[in-house]
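**Student:** What follows is work-v9.tsv, made up of TSV, C-alpha atoms:
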chain	number	residue	atom	x	y	z
A	258	MET	CA	-7.77	1.89	17.75
A	259	THR	CA	-6.21	-1.50	18.31
A	260	ALA	CA	-2.97	-3.46	18.64
A	261	GLY	CA	0.62	-2.44	19.20
A	262	PRO	CA	2.19	-0.46	22.03
A	263	LEU	CA	0.22	2.54	23.24
A	264	ASN	CA	3.09	5.01	22.96
A	265	PRO	CA	5.71	3.63	20.60
A	266	GLN	CA	8.70	5.91	20.27
A	267	ILE	CA	9.59	7.54	16.97
A	268	ASP	CA	13.24	6.98	16.15
A	269	THR	CA	14.28	10.15	14.33
A	270	SER	CA	17.79	8.81	13.80
A	271	LYS	CA	16.66	6.17	11.30
A	272	PRO	CA	14.68	6.71	8.09
A	273	HIS	CA	11.40	4.88	7.58
A	274	PRO	CA	9.80	3.97	4.22
A	275	ALA	CA	6.47	5.60	5.14
A	276	ARG	CA	8.18	8.90	5.91
A	277	VAL	CA	10.36	8.76	2.79
A	278	TYR	CA	7.17	8.19	0.78
A	279	ASP	CA	5.55	11.15	2.54
A	280	TRP	CA	8.52	13.31	1.50
A	281	LEU	CA	8.22	12.10	-2.10
A	282	LEU	CA	4.55	13.12	-2.11
A	283	GLY	CA	5.43	16.58	-0.82
A	284	GLY	CA	4.31	15.92	2.75
A	285	LYS	CA	5.75	17.48	5.90
A	286	ASP	CA	5.58	14.52	8.29
A	287	ASN	CA	9.16	13.39	7.86
A	288	TYR	CA	12.57	14.03	9.38
A	289	PRO	CA	15.99	15.01	8.02
A	290	VAL	CA	17.04	11.33	7.89
A	291	ASP	CA	14.02	10.60	5.66
A	292	GLN	CA	14.69	13.65	3.50
A	293	THR	CA	18.29	12.53	3.02
A	294	VAL	CA	17.13	9.23	1.56
A	295	GLY	CA	14.56	10.97	-0.63
A	296	GLU	CA	17.07	13.48	-1.95
A	297	LYS	CA	19.42	10.68	-2.99
A	298	LEU	CA	16.70	8.97	-5.01
A	299	PRO	CA	16.40	9.72	-8.74
A	300	PRO	CA	14.17	12.72	-9.56
A	301	GLU	CA	11.71	10.32	-11.20
A	302	ALA	CA	10.88	8.89	-7.74
A	303	ARG	CA	8.50	11.75	-6.96
A	304	ALA	CA	6.46	11.21	-10.11
A	305	ASN	CA	6.44	7.47	-9.54
A	306	ALA	CA	5.09	7.95	-6.01
A	307	ALA	CA	2.33	10.21	-7.34
A	308	ARG	CA	1.39	7.70	-10.07
A	309	ASN	CA	1.30	4.92	-7.51
A	310	ARG	CA	-1.03	6.86	-5.24
A	311	ALA	CA	-3.26	7.76	-8.19
A	312	PHE	CA	-3.55	4.03	-8.96
A	313	MET	CA	-4.70	3.41	-5.39
A	314	HIS	CA	-7.40	6.05	-5.81
A	315	ARG	CA	-8.62	4.59	-9.12
A	316	ALA	CA	-8.62	0.99	-7.91
A	317	SER	CA	-10.36	1.78	-4.62
A	318	ALA	CA	-13.05	3.83	-6.34
A	319	TRP	CA	-13.62	1.11	-8.93
A	320	LEU	CA	-14.07	-1.52	-6.23
A	321	ALA	CA	-16.44	0.70	-4.26
A	322	HIS	CA	-18.53	1.24	-7.39
A	323	ARG	CA	-18.67	-2.55	-7.77
A	324	GLY	CA	-20.17	-2.88	-4.31
A	325	VAL	CA	-17.13	-3.65	-2.17
A	326	ASP	CA	-17.67	-2.00	1.19
A	327	GLN	CA	-14.87	-3.51	3.32
A	328	PHE	CA	-11.18	-2.66	2.95
A	329	LEU	CA	-8.05	-3.80	4.79
A	330	ASP	CA	-5.19	-1.45	3.93
A	331	ILE	CA	-1.79	-2.67	5.19
A	332	GLY	CA	1.20	-0.36	4.95
A	333	THR	CA	-1.13	2.61	5.16
A	334	GLY	CA	1.48	5.32	5.32
A	335	ILE	CA	1.09	8.84	6.66
A	336	PRO	CA	-2.36	10.30	5.96
A	337	THR	CA	-2.35	12.31	2.75
A	338	SER	CA	-5.80	13.49	1.70
A	339	PRO	CA	-7.71	12.00	0.10
A	340	ASN	CA	-7.11	8.79	2.01
A	341	LEU	CA	-8.57	5.45	1.03
A	342	HIS	CA	-11.61	5.78	3.31
A	343	GLN	CA	-12.39	9.20	1.87
A	344	ILE	CA	-12.34	7.82	-1.67
A	345	VAL	CA	-14.43	4.79	-0.78
A	346	GLN	CA	-16.96	6.38	1.57
A	347	ALA	CA	-17.68	9.16	-0.91
A	348	ILE	CA	-19.08	6.38	-3.11
A	349	ARG	CA	-20.27	3.93	-0.45
A	350	PRO	CA	-20.87	5.80	2.83
A	351	THR	CA	-21.46	2.61	4.84
A	352	ALA	CA	-18.00	1.21	3.98
A	353	ARG	CA	-15.71	-0.07	6.73
A	354	ILE	CA	-11.96	0.40	6.46
A	355	VAL	CA	-9.19	-1.00	8.64
A	356	TYR	CA	-5.74	0.55	8.30
A	357	ALA	CA	-2.51	-1.06	9.50
A	358	ASP	CA	1.03	0.32	9.64
A	359	ASN	CA	4.15	-0.15	11.77
A	360	ASP	CA	5.45	3.45	11.80
A	361	PRO	CA	4.75	5.25	15.11
A	362	ILE	CA	4.28	8.54	13.27
A	363	VAL	CA	1.36	7.00	11.39
A	364	LEU	CA	-0.12	6.03	14.75
A	365	ARG	CA	0.19	9.66	15.88
A	366	HIS	CA	-1.78	10.74	12.81
A	367	ALA	CA	-4.31	7.93	13.05
A	368	GLU	CA	-7.09	10.32	14.09
A	369	ALA	CA	-7.11	11.60	10.52
A	370	LEU	CA	-7.61	8.02	9.36
A	371	LEU	CA	-10.49	7.49	11.77
A	372	VAL	CA	-12.71	10.36	10.64
A	373	SER	CA	-15.29	8.09	9.06
A	374	SER	CA	-18.57	8.96	7.44
A	375	PRO	CA	-21.42	8.73	10.00
A	376	GLU	CA	-22.77	5.62	8.28
A	377	GLY	CA	-19.43	3.80	8.01
A	378	ALA	CA	-16.50	3.00	10.28
A	379	THR	CA	-12.70	2.99	10.31
A	380	ASP	CA	-10.07	1.52	12.60
A	381	TYR	CA	-6.29	1.59	12.85
A	382	ILE	CA	-3.96	-1.26	13.84
A	383	HIS	CA	-0.39	-0.50	14.82
A	384	ALA	CA	1.26	-3.66	13.49
A	385	ASP	CA	3.76	-4.92	10.94
A	386	VAL	CA	2.81	-6.80	7.78
A	387	ARG	CA	5.19	-9.51	9.00
A	388	GLN	CA	2.55	-10.17	11.67
A	389	PRO	CA	-0.26	-11.20	9.29
A	390	GLU	CA	-2.10	-13.36	11.84
A	391	LEU	CA	-2.19	-10.49	14.33
A	392	ILE	CA	-3.48	-8.08	11.69
A	393	LEU	CA	-6.18	-10.54	10.64
A	394	GLU	CA	-7.22	-11.13	14.25
A	395	ARG	CA	-7.59	-7.42	14.92
A	396	ALA	CA	-9.24	-6.71	11.56
A	397	ARG	CA	-11.99	-9.20	12.38
A	398	GLU	CA	-13.12	-6.87	15.17
A	399	LEU	CA	-14.50	-4.48	12.54
A	400	LEU	CA	-14.65	-6.38	9.25
A	401	ASP	CA	-16.96	-9.28	8.43
A	402	PHE	CA	-14.79	-12.04	6.96
A	403	ASP	CA	-17.89	-13.80	5.65
A	404	ARG	CA	-18.32	-11.03	3.07
A	405	PRO	CA	-15.92	-9.72	0.37
A	406	ILE	CA	-12.98	-7.61	1.52
A	407	ALA	CA	-10.47	-5.65	-0.55
A	408	LEU	CA	-6.93	-6.23	0.72
A	409	SER	CA	-4.69	-3.31	-0.20
A	410	LEU	CA	-0.89	-3.79	-0.27
A	411	ILE	CA	0.30	-0.57	-1.85
A	412	ALA	CA	4.06	0.10	-2.28
A	413	LEU	CA	4.80	-2.29	0.57
A	414	MET	CA	6.08	-5.72	-0.41
A	415	HIS	CA	9.23	-4.45	-2.10
A	416	PHE	CA	10.45	-3.56	1.39
A	417	LEU	CA	10.41	-7.26	2.28
A	418	PRO	CA	13.46	-9.15	0.97
A	419	ASP	CA	13.07	-12.72	-0.17
A	420	ASP	CA	14.22	-14.18	3.14
A	421	GLN	CA	11.22	-12.56	4.88
A	422	ASP	CA	8.84	-14.58	2.69
A	423	PRO	CA	6.74	-11.80	1.12
A	424	TYR	CA	4.87	-14.33	-1.03
A	425	GLY	CA	3.99	-16.46	1.99
A	426	ILE	CA	2.81	-13.43	3.97
A	427	THR	CA	0.60	-12.35	1.08
A	428	ARG	CA	-0.79	-15.88	0.77
A	429	THR	CA	-1.63	-15.96	4.51
A	430	LEU	CA	-3.57	-12.71	4.15
A	431	VAL	CA	-5.34	-13.69	0.92
A	432	ASP	CA	-6.25	-17.16	2.17
A	433	ALA	CA	-8.17	-15.56	5.04
A	434	LEU	CA	-10.42	-13.67	2.61
A	435	PRO	CA	-13.76	-15.06	1.42
A	436	SER	CA	-14.61	-15.68	-2.21
A	437	GLY	CA	-15.36	-12.48	-4.09
A	438	SER	CA	-12.70	-10.51	-2.24
A	439	TYR	CA	-9.90	-8.63	-4.00
A	440	LEU	CA	-6.16	-8.11	-3.73
A	441	VAL	CA	-4.96	-4.63	-4.74
A	442	LEU	CA	-1.17	-4.56	-4.99
A	443	SER	CA	1.55	-2.26	-6.27
A	444	HIS	CA	5.21	-3.20	-6.24
A	445	GLY	CA	8.42	-1.34	-7.02
A	446	THR	CA	10.34	-2.31	-10.14
A	447	ALA	CA	13.20	-1.12	-12.31
A	448	ASP	CA	11.91	-2.80	-15.47
A	449	GLN	CA	11.01	0.51	-17.09
A	450	HIS	CA	13.87	2.44	-15.45
A	451	PRO	CA	16.82	0.01	-15.56
A	452	GLU	CA	19.27	2.89	-15.60
A	453	LEU	CA	17.94	4.07	-12.21
A	454	ARG	CA	18.14	0.75	-10.35
A	455	ALA	CA	21.62	1.21	-8.86
A	456	GLU	CA	20.93	4.78	-7.71
A	457	THR	CA	17.61	3.80	-6.11
A	458	GLU	CA	18.98	0.75	-4.33
A	459	ALA	CA	22.01	2.68	-3.09
A	460	ALA	CA	19.85	5.44	-1.59
A	461	TYR	CA	17.75	3.01	0.43
A	462	LYS	CA	20.75	0.89	1.39
A	463	LYS	CA	22.54	3.94	2.77
A	464	GLY	CA	19.46	4.59	4.89
A	465	ALA	CA	19.50	0.97	6.10
A	466	ILE	CA	16.12	0.33	4.46
A	467	ALA	CA	15.76	-3.06	2.80
A	468	LEU	CA	14.59	-2.75	-0.80
A	469	ARG	CA	13.89	-5.60	-3.19
A	470	MET	CA	12.63	-4.25	-6.49
A	471	ARG	CA	11.24	-7.10	-8.55
A	472	THR	CA	10.70	-7.84	-12.21
A	473	ARG	CA	7.27	-8.48	-13.67
A	474	SER	CA	7.82	-12.24	-13.48
A	475	GLU	CA	8.76	-11.86	-9.82
A	476	VAL	CA	5.66	-9.81	-9.02
A	477	GLU	CA	3.29	-12.25	-10.75
A	478	PRO	CA	3.46	-14.88	-7.95
A	479	PHE	CA	1.76	-12.47	-5.54
A	480	PHE	CA	-1.37	-13.10	-7.61
A	481	ASP	CA	-1.08	-16.88	-7.84
A	482	GLY	CA	-4.47	-18.56	-7.73
A	483	LEU	CA	-6.36	-15.30	-8.22
A	484	ASP	CA	-8.23	-13.91	-11.22
A	485	LEU	CA	-6.43	-10.78	-12.44
A	486	ILE	CA	-8.80	-8.06	-13.56
A	487	ALA	CA	-8.08	-6.54	-16.98
A	488	PRO	CA	-5.72	-4.93	-17.91
A	489	GLY	CA	-3.80	-7.36	-15.68
A	490	LEU	CA	-0.40	-6.76	-14.12
A	491	VAL	CA	0.77	-3.53	-15.73
A	492	PRO	CA	2.79	-0.36	-15.02
A	493	ALA	CA	0.89	2.00	-12.72
A	494	ALA	CA	-0.11	4.48	-15.41
A	495	GLU	CA	-1.71	1.73	-17.51
A	496	TRP	CA	-4.25	0.53	-14.94
A	497	TYR	CA	-7.62	2.23	-15.24
A	498	GLN	CA	-11.22	1.23	-15.83
A	499	GLU	CA	-12.83	4.45	-16.96
A	500	GLU	CA	-11.83	7.42	-19.07
A	501	PRO	CA	-10.04	9.71	-18.98
A	502	ALA	CA	-7.01	7.50	-19.12
A	503	PRO	CA	-3.99	8.63	-17.09
A	504	GLU	CA	-1.00	9.87	-19.02
A	505	ASN	CA	0.98	6.84	-20.14
A	506	GLU	CA	4.49	7.32	-18.76
A	507	ARG	CA	7.28	5.04	-17.65
A	508	SER	CA	6.59	3.76	-14.17
A	509	GLY	CA	8.55	2.45	-11.21
A	510	PHE	CA	5.61	0.29	-10.10
A	511	TYR	CA	3.76	-2.75	-11.34
A	512	VAL	CA	0.15	-2.78	-10.20
A	513	GLY	CA	-2.75	-5.18	-10.33
A	514	VAL	CA	-6.19	-5.95	-8.96
A	515	ALA	CA	-7.23	-9.59	-8.65
A	516	ARG	CA	-10.37	-11.37	-7.48
A	517	VAL	CA	-10.35	-14.19	-4.95
A	518	LYS	CA	-12.10	-17.22	-6.44
Do you think you could lay out the structure here as structure tokens?
**Tutor:**
Amino acid sequence: MTAGPLNPQIDTSKPHPARVYDWLLGGKDNYPVDQTVGEKLPPEARANAARNRAFMHRASAWLAHRGVDQFLDIGTGIPTSPNLHQIVQAIRPTARIVYADNDPIVLRHAEALLVSSPEGATDYIHADVRQPELILERARELLDFDRPIALSLIALMHFLPDDQDPYGITRTLVDALPSGSYLVLSHGTADQHPELRAETEAAYKKGAIALRMRTRSEVEPFFDGLDLIAPGLVPAAEWYQEEPAPENERSGFYVGVARVK
């Protein structure tokens, strides 16, 4: 386990996006401040969180089937089985996965993220996505940056407002990847739920959590210079490669998988 303070303190007086997400998924690793934010979100938020996680499962499995055996998952969140390494290593047991997150409670649960298959390996970095160079430096201790890597940014970048340069951070991470790598990204949006935008933004604002939902045209630049895999940048329920297709419902996330040229 690498990077970050050894015993960072959990601030139970302030909500954290990872713990709110855990609450939305029905988890128990959250506090009353996180539950308060979750309860103020529209009821659709729970289903959107589940659809987003299902996309992560489908995309990770598809990449593993295509031979990708290295994954860098930033904004990991609290372990909720099956985790990314469980999905990937069930298909490709020798896969190596590096997780990164900035929430101390994720660090406390990192042992669950480090239970690798005997043939593969996992690691956990306690760091913030706004420290991309640090994450890349630590990830190189386990991952081979001369071979393809799947970079996973799931339900993360909408917590970075424009003045924190989310596009630049993503570009720094992607530019470090070799040709044949992939970017897997999901991003919050109100395009399909415009009537829920104000309620969603107000809930996070009251919890002092920055939230910048973006339109499709605002999410597209995250994939600049990359080759989007069909079906392209679509609502979460519309991205799949194999039948059975997920139920096509309105979604609060745009998702996409793109190949590094």
**Student:** Between A:Ala467, A:Ile362, A:Ala357, A:Val325, which one has atoms that come closest to Arg276 of chain A, using all atoms listed in the file?
**Tutor:** A:Ile362
**Student:** What does the distance from atom CA of Ala384 of chain A to atom CA of Asp358 of chain A come to in Å, to one decimal?
**Tutor:**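 Computing it gives 5.5 Å between the two atoms.
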**Student:** Give me, as a compact mmCIF listing (two decimals) with C-alpha atoms, in the coordinates of the input, all polymer residues having an atom no more than 7 Å from Gly464 of chain A, counting only C-alpha atoms and skipping those fewer than 4 positions away in the same chain.
**Tutor:**
# COMPACT_ATOMS: atom_id res chain seq x y z
CA PRO A 272 14.68 6.71 8.09
CA VAL A 294 17.13 9.23 1.56
CA ALA A 460 19.85 5.44 -1.59
**Student:** Mind checking which residues fall within 10 Å of Pro274 of chain A, counting only C-alpha atoms, ignoring those fewer than 6 positions away in the same chain, and posting them as number ranges by chain?
**Tutor:** A: 280, 291, 294-295, 332, 334, 360, 412-413, 416, 461, 464, 466-468
**Student:** Counting only C-alpha atoms, find the residues whose atoms lie at most 12 Å from (13.2, 1.6, -17.5) (file coordinates) and write them out as a VMD selection string.
**Tutor:** chain A and resid 301 305 445 to 454 472 492 506 to 510
**Student:** Restricting the calculation to all atoms listed in the file, which member of A:Glu376, A:Glu458, A:Asp326, A:Glu390 is positioned closest to Arg404 of chain A?
**Tutor:**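 So, comparing all the options, the nearest one is A:Asp326.
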**Student:** Which residue out of A:Arg365, A:Arg349, A:Lys462, A:Arg310 has the minimum interatomic distance to Ser443 of chain A when only C-alpha atoms are used?
**Tutor:**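 The closest residue to Ser443 of chain A is A:Arg310.
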